[in-house]
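Printed here is data26.txt (compact mmCIF, C-alpha atoms):
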# COMPACT_ATOMS: atom_id res chain seq x y z
CA MET A 1 -60.05 118.94 -46.76
CA LEU A 2 -57.12 120.37 -48.70
CA PHE A 3 -55.55 118.51 -51.57
CA PRO A 4 -52.88 115.99 -50.49
CA PRO A 5 -49.42 117.67 -50.41
CA ASP A 6 -47.90 115.15 -52.85
CA LEU A 7 -50.02 116.66 -55.68
CA PRO A 8 -48.60 120.17 -56.09
CA ASP A 9 -50.20 123.15 -57.84
CA ALA A 10 -53.74 122.06 -56.98
CA ASP A 11 -56.32 123.76 -54.78
CA VAL A 12 -59.15 121.27 -54.18
CA ARG A 13 -61.58 121.05 -51.26
CA HIS A 14 -63.98 118.16 -50.65
CA LEU A 15 -66.88 119.20 -48.41
CA SER A 16 -68.69 115.97 -47.55
CA GLY A 17 -72.42 116.43 -46.92
CA TRP A 18 -72.33 120.14 -47.80
CA LEU A 19 -76.00 119.86 -48.77
CA PRO A 20 -77.94 117.87 -46.12
CA ALA A 21 -79.51 114.61 -47.30
CA GLY A 22 -83.13 115.80 -47.23
CA LYS A 23 -82.38 118.97 -49.20
CA ALA A 24 -80.18 117.02 -51.62
CA ALA A 25 -82.99 114.50 -52.24
CA ALA A 26 -85.53 117.28 -52.86
CA LEU A 27 -83.18 119.08 -55.26
CA LEU A 28 -82.47 115.83 -57.14
CA LEU A 29 -86.19 115.20 -57.68
CA THR A 30 -86.79 118.79 -58.78
CA LEU A 31 -83.96 118.68 -61.32
CA GLN A 32 -85.01 115.28 -62.69
CA ALA A 33 -88.53 116.60 -63.31
CA LYS A 34 -88.02 120.23 -64.35
CA VAL A 35 -84.73 120.56 -66.24
CA PRO A 36 -84.86 120.43 -70.07
CA TRP A 37 -82.31 117.62 -70.39
CA GLU A 38 -80.54 117.19 -73.74
CA VAL A 39 -78.03 114.88 -75.36
CA HIS A 40 -75.29 117.32 -76.34
CA ARG A 41 -73.29 116.63 -79.49
CA ILE A 42 -69.52 116.96 -78.94
CA ARG A 43 -66.49 116.66 -81.19
CA MET A 44 -64.21 113.70 -80.42
CA PHE A 45 -61.28 112.65 -82.60
CA GLY A 46 -62.64 114.74 -85.47
CA ASN A 47 -66.16 113.29 -85.37
CA TRP A 48 -69.44 114.56 -83.90
CA VAL A 49 -70.82 112.09 -81.34
CA ASP A 50 -73.55 112.01 -78.70
CA SER A 51 -72.27 112.86 -75.24
CA PRO A 52 -72.37 109.82 -72.89
CA ARG A 53 -74.70 111.60 -70.43
CA LEU A 54 -77.59 114.09 -70.45
CA SER A 55 -76.81 117.78 -69.92
CA CYS A 56 -78.27 121.24 -69.57
CA TRP A 57 -76.50 124.62 -69.57
CA VAL A 58 -78.05 127.24 -67.25
CA GLY A 59 -76.89 130.77 -66.59
CA ASP A 60 -77.11 134.49 -67.04
CA PRO A 61 -78.13 135.47 -70.60
CA ARG A 62 -74.59 136.41 -71.72
CA ALA A 63 -72.88 133.36 -70.19
CA ARG A 64 -72.41 131.49 -73.47
CA TYR A 65 -69.99 128.59 -73.36
CA ARG A 66 -67.92 126.76 -75.99
CA TYR A 67 -67.01 123.16 -75.25
CA SER A 68 -65.69 120.45 -77.56
CA GLY A 69 -66.52 122.39 -80.71
CA ALA A 70 -70.09 123.34 -79.72
CA GLU A 71 -71.54 126.58 -78.35
CA PHE A 72 -74.10 126.43 -75.56
CA VAL A 73 -76.66 129.18 -74.97
CA PRO A 74 -77.84 129.18 -71.35
CA HIS A 75 -81.32 128.32 -70.17
CA PRO A 76 -82.67 130.73 -67.49
CA TRP A 77 -81.97 130.07 -63.81
CA PRO A 78 -84.68 128.02 -62.07
CA PRO A 79 -85.25 129.13 -58.44
CA ALA A 80 -83.69 125.95 -56.97
CA LEU A 81 -80.40 126.55 -58.80
CA GLN A 82 -80.40 130.27 -57.99
CA ALA A 83 -80.65 129.30 -54.33
CA MET A 84 -77.61 126.98 -54.64
CA ARG A 85 -75.60 129.69 -56.43
CA ASP A 86 -76.53 132.23 -53.75
CA ARG A 87 -75.45 129.88 -50.95
CA LEU A 88 -72.10 129.16 -52.63
CA GLN A 89 -71.43 132.87 -53.04
CA VAL A 90 -72.53 133.80 -49.50
CA GLU A 91 -70.18 131.12 -48.13
CA GLY A 92 -67.30 132.65 -50.12
CA LEU A 93 -66.80 129.60 -52.32
CA GLY A 94 -66.71 131.61 -55.56
CA ARG A 95 -68.60 133.93 -57.87
CA PHE A 96 -70.78 132.20 -60.46
CA ASN A 97 -72.94 133.20 -63.44
CA SER A 98 -73.61 129.72 -64.86
CA VAL A 99 -73.90 126.04 -64.08
CA LEU A 100 -73.51 122.94 -66.22
CA LEU A 101 -75.83 120.13 -65.17
CA ASN A 102 -74.81 116.58 -66.09
CA ARG A 103 -77.17 113.66 -65.57
CA TYR A 104 -75.52 110.24 -65.35
CA ARG A 105 -78.37 107.74 -65.84
CA GLY A 106 -76.36 104.83 -64.42
CA GLY A 107 -72.82 103.52 -64.12
CA GLY A 108 -72.38 103.37 -67.90
CA ASP A 109 -72.66 107.15 -68.32
CA TYR A 110 -69.34 108.89 -67.79
CA MET A 111 -67.06 111.90 -68.36
CA GLY A 112 -63.64 111.37 -69.95
CA TRP A 113 -60.36 113.03 -69.00
CA HIS A 114 -60.38 116.80 -69.49
CA SER A 115 -59.60 120.14 -67.86
CA ASP A 116 -62.03 123.04 -67.55
CA ASP A 117 -59.61 125.38 -69.28
CA GLU A 118 -61.63 127.07 -72.03
CA PRO A 119 -60.62 130.74 -72.53
CA GLU A 120 -63.93 132.14 -71.28
CA LEU A 121 -63.28 130.53 -67.85
CA GLY A 122 -60.15 132.65 -67.28
CA SER A 123 -56.69 131.56 -66.19
CA MET A 124 -57.58 130.31 -62.69
CA PRO A 125 -61.25 129.33 -62.67
CA VAL A 126 -63.19 128.30 -59.60
CA ILE A 127 -65.38 125.27 -60.28
CA ALA A 128 -67.85 124.29 -57.53
CA SER A 129 -69.17 120.79 -58.21
CA LEU A 130 -72.22 119.54 -56.30
CA SER A 131 -73.09 115.82 -56.46
CA LEU A 132 -76.61 114.45 -56.06
CA GLY A 133 -77.72 110.82 -56.11
CA ALA A 134 -75.52 107.75 -56.53
CA ALA A 135 -71.93 107.98 -55.26
CA ARG A 136 -69.35 107.98 -58.06
CA ARG A 137 -65.55 107.97 -58.30
CA PHE A 138 -63.95 111.29 -59.29
CA LEU A 139 -60.34 111.11 -60.50
CA LEU A 140 -57.64 113.75 -60.88
CA ARG A 141 -54.29 113.29 -62.60
CA ARG A 142 -51.42 115.62 -63.28
CA ARG A 143 -51.11 116.58 -66.96
CA ASP A 144 -47.31 116.27 -67.14
CA ASP A 145 -47.17 113.15 -64.93
CA PRO A 146 -50.38 111.08 -65.31
CA ALA A 147 -49.16 108.56 -62.74
CA ARG A 148 -49.74 111.23 -60.05
CA LYS A 149 -53.41 110.70 -59.29
CA ALA A 150 -55.99 111.32 -56.63
CA GLU A 151 -59.42 109.81 -56.21
CA TYR A 152 -62.52 110.98 -54.36
CA LEU A 153 -65.77 109.12 -53.86
CA LEU A 154 -68.37 111.86 -54.25
CA GLY A 155 -71.61 111.10 -52.48
CA HIS A 156 -75.09 112.58 -52.23
CA GLY A 157 -74.79 116.25 -51.20
CA ASP A 158 -70.97 116.42 -51.45
CA LEU A 159 -69.32 119.55 -52.81
CA LEU A 160 -65.92 119.55 -54.52
CA VAL A 161 -64.34 122.96 -55.17
CA MET A 162 -61.42 123.22 -57.61
CA ALA A 163 -59.61 126.57 -57.73
CA GLY A 164 -56.22 128.20 -58.30
CA GLN A 165 -54.02 126.44 -60.87
CA THR A 166 -55.86 123.11 -60.69
CA GLN A 167 -57.22 123.27 -64.26
CA GLN A 168 -53.83 124.34 -65.62
CA PHE A 169 -51.94 121.39 -64.12
CA TYR A 170 -54.59 118.66 -63.71
CA GLN A 171 -57.23 116.76 -65.65
CA HIS A 172 -60.27 115.12 -64.10
CA ALA A 173 -62.69 112.36 -65.07
CA LEU A 174 -65.75 110.48 -63.89
CA PRO A 175 -65.16 106.88 -65.07
CA LYS A 176 -67.74 104.21 -65.78
CA MET A 177 -68.77 102.13 -62.76
CA ALA A 178 -70.58 98.98 -63.93
CA ARG A 179 -72.01 98.15 -60.50
CA VAL A 180 -73.67 101.55 -60.05
CA GLN A 181 -77.38 101.29 -60.85
CA GLY A 182 -78.56 104.62 -59.45
CA GLU A 183 -78.67 107.97 -61.15
CA ARG A 184 -76.35 110.89 -60.38
CA ILE A 185 -76.77 114.57 -61.20
CA ASN A 186 -73.74 116.81 -60.99
CA LEU A 187 -73.87 120.62 -60.95
CA THR A 188 -70.67 122.48 -61.86
CA PHE A 189 -71.01 126.16 -61.04
CA ARG A 190 -68.57 128.49 -62.81
CA TRP A 191 -67.94 132.04 -63.98
CA ILE A 192 -68.01 132.60 -67.75
CA THR A 193 -66.65 135.87 -69.15
CA PRO A 194 -69.83 137.38 -70.65
CA ARG A 195 -70.02 137.90 -74.43
Structure rendered as C-alpha cells:
Amino acid sequence: MLFPPDLPDADVRHLSGWLPAGKAAALLLTLQAKVPWEVHRIRMFGNWVDSPRLSCWVGDPRARYRYSGAEFVPHPWPPALQAMRDRLQVEGLGRFNSVLLNRYRGGGDYMGWHSDDEPELGSMPVIASLSLGAARRFLLRRRDDPARKAEYLLGHGDLLVMAGQTQQFYQHALPKMARVQGERINLTFRWITPR
C-alpha cells in the first residue's frame, strides 16, 4: 500500500503478513533466546538515560552507528537475521548491511518522535521495519506540520518500508499502549556508510 496522497514527500509501503505467522513466531522465539539484548544509554535533553526498551545492533563489521550521542559497534549477523536480510534484498526492497533490533517488553516500552536521518544513513535512506509479536501503533507526522499524521497498526509479520524523502520530511514514533501486555520485537534493516 502506498502512502496516502494527502501526506506528500513520503514513500512508505505497509506489507501486511510479509512474514507468514509460523515463520514470524519461530523468528521471535529465536531472537528472544539468542540475541545479546542490552539497555542502551541515550542522551535526552542533555542527560544520559536508559532507553525505554531493550536493543541490539547487528551488522557488517564496519557498519558502526551513532545515535543520540552514543556509538554502536555491531554484533555479528546470526543466520536467522542474515536470511531476513537476503530475502529483503532478493525482493528488491533495499540493500542492507545492518539491523537495529528493539525489544518492547510490554505496552510501557516505547520509541519517541524521531527521524532516521543520521549522516551515515545518507540523504534518502531505505528503512525496512519488520514487526514480530504484539501489534503496536506506528505513527508518522510531518516535521513542518505536525498535525499531518498517519497511523499504522503493525502486526505480527508485517513489514513497513520507508524510503525516498520520508526521513527528511517526517518523524515517526511507537507510543506507549497501556493495554498491550505482549512483547514486540522490531527489526529495522538499513544501510550504514562503512567507516
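Near Pro125 in chain A, within 7 Å and counting all atoms listed in the file, sit Leu121, Gly122, Ser123, Ile127, Ala163 and Gly164 of chain A, not including residues fewer than 2 positions from it in the same chain.
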Q | Atom-to-atom span, CA of Trp77 in chain A and CA of Leu28 in chain A, Å | A | 15.7 Å
(Q) Quick check, in Å to one decimal: how far apart do CA of Met162 in chain A and CA of Ala10 in chain A lie? (A)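 We find that CA of Met162 in chain A and CA of Ala10 in chain A lie 7.8 Å from each other.
Here CA of Val58 in chain A and CA of Arg141 in chain A stand 27.9 Å from one another.
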Q. So which one's closest to Gln181 in chain A, A:Arg87, A:Arg105, A:Arg53, A:Arg95? Using all atoms listed in the file, please.
A.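 The closest residue to Gln181 in chain A is A:Arg105.
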Q: Excluding range 131-137 of chain A and residues on its chain fewer than 3 positions from it, collect all residues at most 7 Å away from it, counting only C-alpha atoms, and give them as a list in words.
A: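 Counting only the stated atoms, we get Ala24, Leu28, Glu151, Tyr152, Leu153, Leu154, Gly155, His156, Gly157, Asp158, Leu159, Leu174, Pro175, Gly182, Glu183, Arg184, Ile185, Asn186 and Leu187 of chain A.
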Q: Would you list the contacts of Gly108 in chain A as a ChimeraX atom specification, taking every protein, DNA or RNA residue within 7 Å and counting all atoms listed in the file, but skipping same-chain residues closer than 3 positions in sequence?
A: /A:176-178
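Across A:Trp18, A:Pro36, A:Trp113, A:Ala173, the tightest approach to Glu91 in chain A is made by A:Trp18 when counting all atoms listed in the file.
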Q: Rank A:His114, A:Ala26, A:Glu71, A:Ala128 by their smallest atom-to-atom distance to Gly94 in chain A, using all atoms listed in the file, and report the top residue only.
A: A:Ala128
Q: Choose the residue, out of A:His40, A:Glu120, A:Ala70, A:Ser129, that has the smallest atom-to-atom separation from Leu88 in chain A; count all atoms listed in the file.
A: A:Ser129
